[in-house]
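Reading through the structure tokens given below for one structure.
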Amino acid sequence: MSIKQYKPTTPGRRGMSSQDFDGITTKRPVRSLVVTKRRGSGRNNQGRITTRHQGGGARRHYRLINFNFKGEGTIEHIEYDPNRSARIARVKESNGTYHYVLAAKGMYVGQTLAAHQEAAIETGNRLPLRNIPAGASIHAIELQPGKGAQMVRSAGNGAQLMAKEGDYGQVRLPSGEVRRVHLNCTATIGVVGNEQHQNVKTGKAGRSRHMGKRPSVRGVVMNAVDHPHGGGDGGRHGTAKAPRTPWGQKTLGYKTRRRKQTDNMIVRDRHAAKRR
């Protein structure tokens with residue numbers, strides 16, 4: 001996959017780039033695997049905004065991804081998914097059942113995928129960590145056996161199975177964190193495709209609105225009543241105190257991790273390199 005550049009015919013086009021869709025083989029998804037996606041606009045079940053700067057955007061349908069695919073099937077198409085950065089592969093089993101799975105780098109139409117204990121160590125196959133050799137690149141990793149893939153699912157990402165000890169394996173995640181994962185958890189061989197996604201430049205504000213992203217106003221240009229960074233007499237703003245959210249919570253150097261019960265699974269923290 002490569003990046004498509006545009007001629008600078010307008011200020012918005014200057015510097016804009018988009019994805020090259022040559023690897024996509026069809027425009028029509030499987031109707032039985034598509035559901036209507038209601039726009040939440042950053043609100044919770046009480047209607048209150050819990051994630052700011054979201055709303056609007058182009059309408060889209062959600063593709064039902066099988067993060068716990070089991071069995072064997074053949075890839076019929078590589079498709080675009082508007083709900084994620086990665087591409088998805090349409091897999092058809094011998095009994096005619098269709099599934100959507102994340103498309104790994106190197107997948108192609110006609111490839112046979114296997115997801116079981118004895119699957120071969122080939123790109124796209126899914127099997128338990130117990131049967132994957134140390135040093136292999138993996139993605140779509142389970143955290144709990146049988147629950148389905150939860151980690152390393154976005155475009156271009158890949159983890160590495162570092163070692164095995166007892167019932168657990170050590171997996172190095174894209175963030176640099178090394179985490180213990182039970183060897184009965186499954187993972188897919190290879191790295192997620194569409195690796196150039198991070199290099200796409202939006203180019204103009206309207207394109208962000210199409211993706212459901214609303215404008216964000218800096219705190220330093222607000223009044224003191226509206227934001228901790230606001231107010232002042234026109235001098236340098238925001239340098240006298242630590243950066244904070246509109247509600248006063250620190251934003252830099254302040255730990256927000258709450259799942260302390262899984263800290264014992266972390267072998268090496270992702271910030272370890274910064275402390276050297």
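Just remember, in the structure tokens the first chain shown is A, the second B, etc., residues are 1-based per chain, and ligands are 1-based in the order shown.
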List every residue of range 86-240 of chain A that DSSP, applied to the backbone of this structure, assigns to strand (DSSP E or B), and report them as a VMD selection string. chain A and resid 88 to 92 98 to 102 104 112 to 115 126 to 128 137 to 139 141 to 142 149 to 151 159 to 165 168 to 172 178 to 182 186 to 189 192 213
Set the distance at 10 Å and use only C-alpha atoms: which residues neighbour range 126-137 of chain A once local chain neighbours fewer than 3 positions away are removed? I'd like the list as a ChimeraX atom specification. /A:68-72,113-123,140-142,145,157-164,167-172,181-191
Would you output that residue set with C-alpha atoms, as a compact mmCIF listing (two decimals), in the first residue's frame?
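Once written, part16.txt looks like this:
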```txt
# COMPACT_ATOMS: atom_id res chain seq x y z
CA ASN A 68 -12.28 -15.34 17.50
CA PHE A 69 -12.29 -17.06 14.10
CA LYS A 70 -11.92 -20.85 14.24
CA GLY A 71 -11.72 -23.32 11.39
CA GLU A 72 -10.49 -22.96 7.82
CA LEU A 113 -6.53 -19.39 6.32
CA ALA A 114 -6.48 -21.85 9.20
CA ALA A 115 -7.37 -21.19 12.82
CA HIS A 116 -6.85 -24.23 15.01
CA GLN A 117 -4.26 -25.95 17.19
CA GLU A 118 -2.29 -27.52 14.33
CA ALA A 119 -2.33 -24.58 11.91
CA ALA A 120 0.88 -23.92 9.99
CA ILE A 121 3.12 -21.00 11.00
CA GLU A 122 2.11 -18.83 8.05
CA THR A 123 0.86 -15.26 7.72
CA ALA A 140 -4.80 -9.75 17.22
CA ILE A 141 -3.80 -11.22 20.57
CA GLU A 142 -6.20 -12.51 23.19
CA PRO A 145 -8.52 -17.59 26.39
CA ASN A 157 1.01 -2.84 14.23
CA GLY A 158 2.68 -6.05 15.25
CA ALA A 159 3.91 -7.66 18.46
CA GLN A 160 6.65 -10.21 19.06
CA LEU A 161 6.53 -13.36 21.15
CA MET A 162 9.74 -12.99 23.12
CA ALA A 163 9.85 -16.09 25.33
CA LYS A 164 7.81 -18.80 27.05
CA ASP A 167 2.01 -21.30 31.38
CA TYR A 168 2.79 -17.77 30.19
CA GLY A 169 4.59 -16.17 27.28
CA GLN A 170 6.24 -12.77 27.17
CA VAL A 171 4.93 -10.56 24.37
CA ARG A 172 6.52 -7.27 23.37
CA VAL A 181 0.03 -13.58 28.26
CA HIS A 182 -1.30 -17.07 28.93
CA LEU A 183 -0.10 -19.60 26.37
CA ASN A 184 -3.66 -20.81 25.75
CA CYS A 185 -4.53 -17.40 24.30
CA THR A 186 -4.56 -17.28 20.52
CA ALA A 187 -2.89 -14.85 18.14
CA THR A 188 -2.58 -14.37 14.39
CA ILE A 189 0.77 -14.75 12.61
CA GLY A 190 2.17 -11.62 10.95
CA VAL A 191 1.58 -7.90 11.29
```
Between A:Gly124, A:Pro246, A:Gly166, A:Gly73, which has the minimum distance to Arg218 in chain A (counting only C-alpha atoms)?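 Closest to Arg218 in chain A, using only C-alpha atoms: A:Pro246.
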Write out as a PDB file with C-alpha atoms, in the first residue's frame which residues come within 8 Å of Phe67 in chain A when counting only C-alpha atoms, dropping same-chain ones fewer than 3 positions away.
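The new file result.pdb reads:
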```pdb
ATOM      1  CA  VAL A 101     -11.059 -10.996   9.875  1.00  0.00           C
ATOM      2  CA  ALA A 140      -4.801  -9.752  17.217  1.00  0.00           C
ATOM      3  CA  GLY A 148     -11.214 -13.064  21.137  1.00  0.00           C
ATOM      4  CA  ALA A 149      -8.522 -10.640  20.001  1.00  0.00           C
TER       5      ALA A 149
END
```
Do you know which residues are at most 12 Å from range 207-209 of chain A counting only C-alpha atoms, after dropping those on the same chain fewer than 2 positions away, and could you put them as a ChimeraX atom specification? /A:12-13,16-18,41,53-59,200-205,211-216
Could those selected residues go to a file with N, CA and C atoms, as a PDB file, in the first residue's frame?
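Full text of selection08.pdb as output:
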```
ATOM      1  N   GLY A  12      -6.411  23.549   0.369  1.00  0.00           N
ATOM      2  CA  GLY A  12      -6.717  22.306   1.061  1.00  0.00           C
ATOM      3  C   GLY A  12      -6.016  21.102   0.456  1.00  0.00           C
ATOM      4  N   ARG A  13      -5.825  21.140  -0.857  1.00  0.00           N
ATOM      5  CA  ARG A  13      -5.150  20.031  -1.529  1.00  0.00           C
ATOM      6  C   ARG A  13      -3.643  20.050  -1.300  1.00  0.00           C
ATOM      7  N   MET A  16      -2.139  17.585   1.130  1.00  0.00           N
ATOM      8  CA  MET A  16      -3.074  16.508   1.424  1.00  0.00           C
ATOM      9  C   MET A  16      -2.604  15.212   0.781  1.00  0.00           C
ATOM     10  N   SER A  17      -2.867  14.104   1.443  1.00  0.00           N
ATOM     11  CA  SER A  17      -2.582  12.789   0.880  1.00  0.00           C
ATOM     12  C   SER A  17      -3.666  11.829   1.328  1.00  0.00           C
ATOM     13  N   SER A  18      -3.788  10.734   0.631  1.00  0.00           N
ATOM     14  CA  SER A  18      -4.806   9.735   0.974  1.00  0.00           C
ATOM     15  C   SER A  18      -4.242   8.349   0.712  1.00  0.00           C
ATOM     16  N   SER A  41     -21.655  10.368  19.072  1.00  0.00           N
ATOM     17  CA  SER A  41     -21.192  11.743  19.267  1.00  0.00           C
ATOM     18  C   SER A  41     -20.508  11.940  20.621  1.00  0.00           C
ATOM     19  N   HIS A  53     -15.301  16.745  21.502  1.00  0.00           N
ATOM     20  CA  HIS A  53     -14.874  17.010  20.126  1.00  0.00           C
ATOM     21  C   HIS A  53     -15.251  15.882  19.181  1.00  0.00           C
ATOM     22  N   GLN A  54     -16.385  15.254  19.405  1.00  0.00           N
ATOM     23  CA  GLN A  54     -16.886  14.238  18.486  1.00  0.00           C
ATOM     24  C   GLN A  54     -18.310  14.569  18.086  1.00  0.00           C
ATOM     25  N   GLY A  55     -18.656  14.252  16.845  1.00  0.00           N
ATOM     26  CA  GLY A  55     -20.015  14.482  16.382  1.00  0.00           C
ATOM     27  C   GLY A  55     -20.033  14.720  14.887  1.00  0.00           C
ATOM     28  N   GLY A  56     -21.179  14.458  14.274  1.00  0.00           N
ATOM     29  CA  GLY A  56     -21.300  14.629  12.828  1.00  0.00           C
ATOM     30  C   GLY A  56     -20.559  13.539  12.083  1.00  0.00           C
ATOM     31  N   GLY A  57     -20.114  13.859  10.905  1.00  0.00           N
ATOM     32  CA  GLY A  57     -19.361  12.894  10.110  1.00  0.00           C
ATOM     33  C   GLY A  57     -20.231  12.131   9.134  1.00  0.00           C
ATOM     34  N   ALA A  58     -19.571  11.447   8.221  1.00  0.00           N
ATOM     35  CA  ALA A  58     -20.268  10.671   7.203  1.00  0.00           C
ATOM     36  C   ALA A  58     -20.933   9.447   7.823  1.00  0.00           C
ATOM     37  N   ARG A  59     -22.083   9.084   7.302  1.00  0.00           N
ATOM     38  CA  ARG A  59     -22.761   7.886   7.789  1.00  0.00           C
ATOM     39  C   ARG A  59     -22.014   6.640   7.314  1.00  0.00           C
ATOM     40  N   VAL A 200      -0.801   9.256   6.264  1.00  0.00           N
ATOM     41  CA  VAL A 200      -1.816  10.016   5.544  1.00  0.00           C
ATOM     42  C   VAL A 200      -1.993  11.378   6.208  1.00  0.00           C
ATOM     43  N   LYS A 201      -2.000  12.460   5.414  1.00  0.00           N
ATOM     44  CA  LYS A 201      -2.183  13.826   5.920  1.00  0.00           C
ATOM     45  C   LYS A 201      -3.592  14.286   5.575  1.00  0.00           C
ATOM     46  N   THR A 202      -4.285  14.766   6.593  1.00  0.00           N
ATOM     47  CA  THR A 202      -5.678  15.175   6.397  1.00  0.00           C
ATOM     48  C   THR A 202      -5.782  16.329   5.413  1.00  0.00           C
ATOM     49  N   GLY A 203      -4.973  17.365   5.574  1.00  0.00           N
ATOM     50  CA  GLY A 203      -4.927  18.445   4.594  1.00  0.00           C
ATOM     51  C   GLY A 203      -5.879  19.591   4.858  1.00  0.00           C
ATOM     52  N   LYS A 204      -7.085  19.310   5.349  1.00  0.00           N
ATOM     53  CA  LYS A 204      -8.055  20.391   5.567  1.00  0.00           C
ATOM     54  C   LYS A 204      -9.005  20.005   6.701  1.00  0.00           C
ATOM     55  N   ALA A 205      -9.613  21.015   7.286  1.00  0.00           N
ATOM     56  CA  ALA A 205     -10.478  20.790   8.436  1.00  0.00           C
ATOM     57  C   ALA A 205     -11.737  20.016   8.056  1.00  0.00           C
ATOM     58  N   MET A 211     -14.836  12.674   9.268  1.00  0.00           N
ATOM     59  CA  MET A 211     -14.499  11.550  10.133  1.00  0.00           C
ATOM     60  C   MET A 211     -15.119  11.664  11.524  1.00  0.00           C
ATOM     61  N   GLY A 212     -15.953  12.688  11.725  1.00  0.00           N
ATOM     62  CA  GLY A 212     -16.635  12.842  13.004  1.00  0.00           C
ATOM     63  C   GLY A 212     -15.834  13.573  14.056  1.00  0.00           C
ATOM     64  N   LYS A 213     -14.790  14.303  13.647  1.00  0.00           N
ATOM     65  CA  LYS A 213     -13.970  15.046  14.600  1.00  0.00           C
ATOM     66  C   LYS A 213     -14.353  16.526  14.567  1.00  0.00           C
ATOM     67  N   ARG A 214     -14.781  17.054  15.706  1.00  0.00           N
ATOM     68  CA  ARG A 214     -15.165  18.452  15.809  1.00  0.00           C
ATOM     69  C   ARG A 214     -13.972  19.304  16.248  1.00  0.00           C
ATOM     70  N   PRO A 215     -14.054  20.624  16.062  1.00  0.00           N
ATOM     71  CA  PRO A 215     -12.915  21.490  16.395  1.00  0.00           C
ATOM     72  C   PRO A 215     -12.597  21.490  17.888  1.00  0.00           C
ATOM     73  N   SER A 216     -11.348  21.757  18.198  1.00  0.00           N
ATOM     74  CA  SER A 216     -10.878  21.852  19.568  1.00  0.00           C
ATOM     75  C   SER A 216     -10.295  23.242  19.792  1.00  0.00           C
TER      76      SER A 216
END
```
